[in-house]
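S.K.: The following block contains the structure, expressed as structure tokens.
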Amino acid sequence: VAFLIGDSHAGAVSQAFIDAALLRGYQAAVATASACSVPDYPEALDYRKSCIGYIGAVLEYAETVDAEIVAVMQFSDLYVNDLEHIQRS
């Protein structure tokens with residue numbers, strides 16, 4: 001099983017992910033939800049209550065799937081907070 005998880009950015013590439021997985025002989029599983037990062041790092045989810053249930057369900061499902069490939073895709077600003085620091089490094 002190849003498993004894609006993430007926000008709407010993952011959803012945008014989900015068909016290509018499924019096609020690539022099937023081409024390589026894998027079953028594909030996809031879990032996406034708009035504006036919900038997986039896991040919830042680095043954001044607190046107080047203002048996105050719907051994401052709390054989504055993240056819990058995805059992580060629970062991930063434990064039951066025998067995935068050989070797990071791909072996480074989401075909006076990069078969720079991870080890059082200090083571009084000036086990165087550019088100086």
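Naming works like this for the structure tokens: A, B, ... for the chains as they're shown, residue 1 at the start of each chain, ligands 1 onward in shown order.
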For stretch 32-37 of chain A, find every residue with an atom within 7 Å (counting only C-alpha atoms), except residues of its own chain fewer than 2 positions away, and show them as a PyMOL selection string.

M.R.: chain A and resi 5-8+10-11+30+39-40+51+74

S.K.: Selection from above, C-alpha atoms, as a short mmCIF file (atom, residue, chain, number, x, y, z; two decimals), in the first residue's frame, can you write it?

M.R.:
```cif
data_model
loop_
_atom_site.label_atom_id
_atom_site.label_comp_id
_atom_site.auth_asym_id
_atom_site.auth_seq_id
_atom_site.Cartn_x
_atom_site.Cartn_y
_atom_site.Cartn_z
CA ILE A 5 -1.82 12.08 3.59
CA GLY A 6 -2.06 15.84 3.87
CA ASP A 7 -4.09 18.95 3.22
CA SER A 8 -5.63 20.21 -0.02
CA ALA A 10 -2.02 16.57 -1.26
CA GLY A 11 -5.51 16.39 -2.71
CA VAL A 30 -5.37 8.79 0.16
CA PRO A 39 0.37 15.86 12.08
CA ASP A 40 -0.90 19.07 13.61
CA CYS A 51 -8.99 19.03 11.85
CA GLN A 74 0.98 19.95 2.54
#
```

S.K.: Could you pull the residues within 8 Å of A:Leu4, counting only C-alpha atoms, minus those fewer than 5 positions along the same chain, as an NGL selection string?

M.R.: :A and (10 or 14 or 17 or 28-32 or 70-73)

S.K.: Please determine, counting only C-alpha atoms, which residue among A:Phe75, A:Val38, A:Thr64, A:Tyr26 has the shortest atom-to-atom distance to A:Ile52.

M.R.: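 Among A:Phe75, A:Val38, A:Thr64, A:Tyr26, it is A:Val38 that comes nearest to A:Ile52.
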
S.K.: What does the distance between atom CA of A:Asp19 and atom CA of A:Phe3 come to in Å, to one decimal place?

M.R.: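 Atom CA of A:Asp19 sits 12.4 Å away from atom CA of A:Phe3.
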